[in-house]
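Comments concern the structure below.
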Protein chains: 2
Amino acid sequence: MSPTASPGRGPKVRTAVLAATIDELSERGYAAFTIDNAAQRAGVHKTTVYRRWPDRETLIAEALTDSLTTEIPIPDTGSVDEDLRALARSLVAWANSASGRAVLAVMVSTAAGLPAPPLSARHVFRDRIRKTLPVVTRAITRGEIPEGTDPAEMVKALVAPIYFRVLITGEPVGDSTADAAAAVALTAARARLFTTS
Amino acid sequence: MSPTASPGRGPKVRTAVLAATIDELSERGYAAFTIDNAAQRAGVHKTTVYRRWPDRETLIAEALTDSLTTEIPIPDTGSVDEDLRALARSLVAWANSASGRAVLAVMVSTAAGLPAPPLSARHVFRDRIRKTLPVVTRAITRGEIPEGTDPAEMVKALVAPIYFRVLITGEPVGDSTADAAAAVALTAARARLFTTS
């Protein structure tokens, strides 16, 4: 239940404006984003947008929050190999999507010295990493990786090579990037490189 | 020999302005950078700066290029373990320095949707990765890691966890981050995870 929801054509407008916001962010980035462009893209008058979302930060925050909550499938195949590959592949698919590009564009804005974005990179990633930890704890329970493996360290090792390519080297990422990252993370976990104490 | 060098107090002014540019970028970021602030920080009149560097892009490009060429020590200790740790530790030290923060702030500007920065992330990182490849090729020659290890893939695995923390999670990075990254990269290389064909 969104606090901005209203009866009638409200939900449709909300969906259209949030989708247009994601598309604008992914194509133009955070710095160039304007409510006017998002409204035009959604096919609504800008005053309709301003009535619900008083400023661009509020609109962007809601679009990103919505986008993030619907797009983190957590695999549970019974095999750590497959789970890690599935997790990495869904991250790759997300990073290649309009939604992923929009989120990443906003996130790096802090690092680029732009005014604080509505969603801090730190907050989002803590949350995302937290949600994926069961993949690791289940693997420990099944005896596939050592007791004492730090789930957060292992998940960060899994995703770092993907973010590095997307944000730094600009190389394209695909399933082979994902599978390679999964293999490295698993091998390192089995060598007790993420084991605490 | 810089094309902008001139006799007399020229070199001193150049050094002061370029250092001030790095400091301004590291503190304020790319978006907020102005020639006026850099001039003030360097203690010179802004017309002195504009005489040498017609616009902020030219000034920033020269400051970053200067900063990058002086700060990539390539270790050659005779041991792949030690070389990788040294390489990762020097990257960590750089990422924590004013120069590193300045370079990273400009680099992520593309991802944040700002106008193209004077130095593309892709270009800089290709160059940086290229310079560090001998660490891997020497280790192959010494028989410390398998024949056929792809040096670029191994170096990217080494540095990715460090950039991920600096740019995405915002966690502090230190020598332990560097040593952990080195251990993961070496273990994965020995498991032939960076071996081509």
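Starting from 1 in every chain, residues are counted up; chains themselves are A, B, ... following the order of the structure tokens, and ligands are numbered from 1 as listed.
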
When you look at Ala157 of chain B with a cut-off of 10 Å (counting only C-alpha atoms), what residues show up, excluding the ones that are within fewer than 3 positions of it in the same chain? I need them as a PyMOL selection string.
(chain A and resi 157+160-161+164+181+184) or (chain B and resi 151-154+160-162+181-182+184-186+188-189+194)

Apply DSSP to the backbone of this structure and, from chain A, keep only the residues in alpha helix (DSSP H); write these as a PyMOL selection string.
chain A and resi 10-28+35-42+46-52+56-69+80-95+98-111+121-141+151-163+175-190

Excluding segment 14-25 of chain A and its own-chain neighbours fewer than 2 positions away, which residues fall within 8 Å of it when counting only C-alpha atoms? Please give them as a list in words.
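With the cut-off at 8 Å, the set is Ala5, Gly10, Pro11, Lys12, Glu27, Arg28, Gly29, Tyr30, Phe33, Asn37, Ala38, Ala39, Arg41, Ala42, Val44, Val49, Leu59, Ile60, Glu62, Ala63, Leu64, Ala98, Ser99, Arg101, Ala102, Val103, Ala105 and Val106 of chain A.
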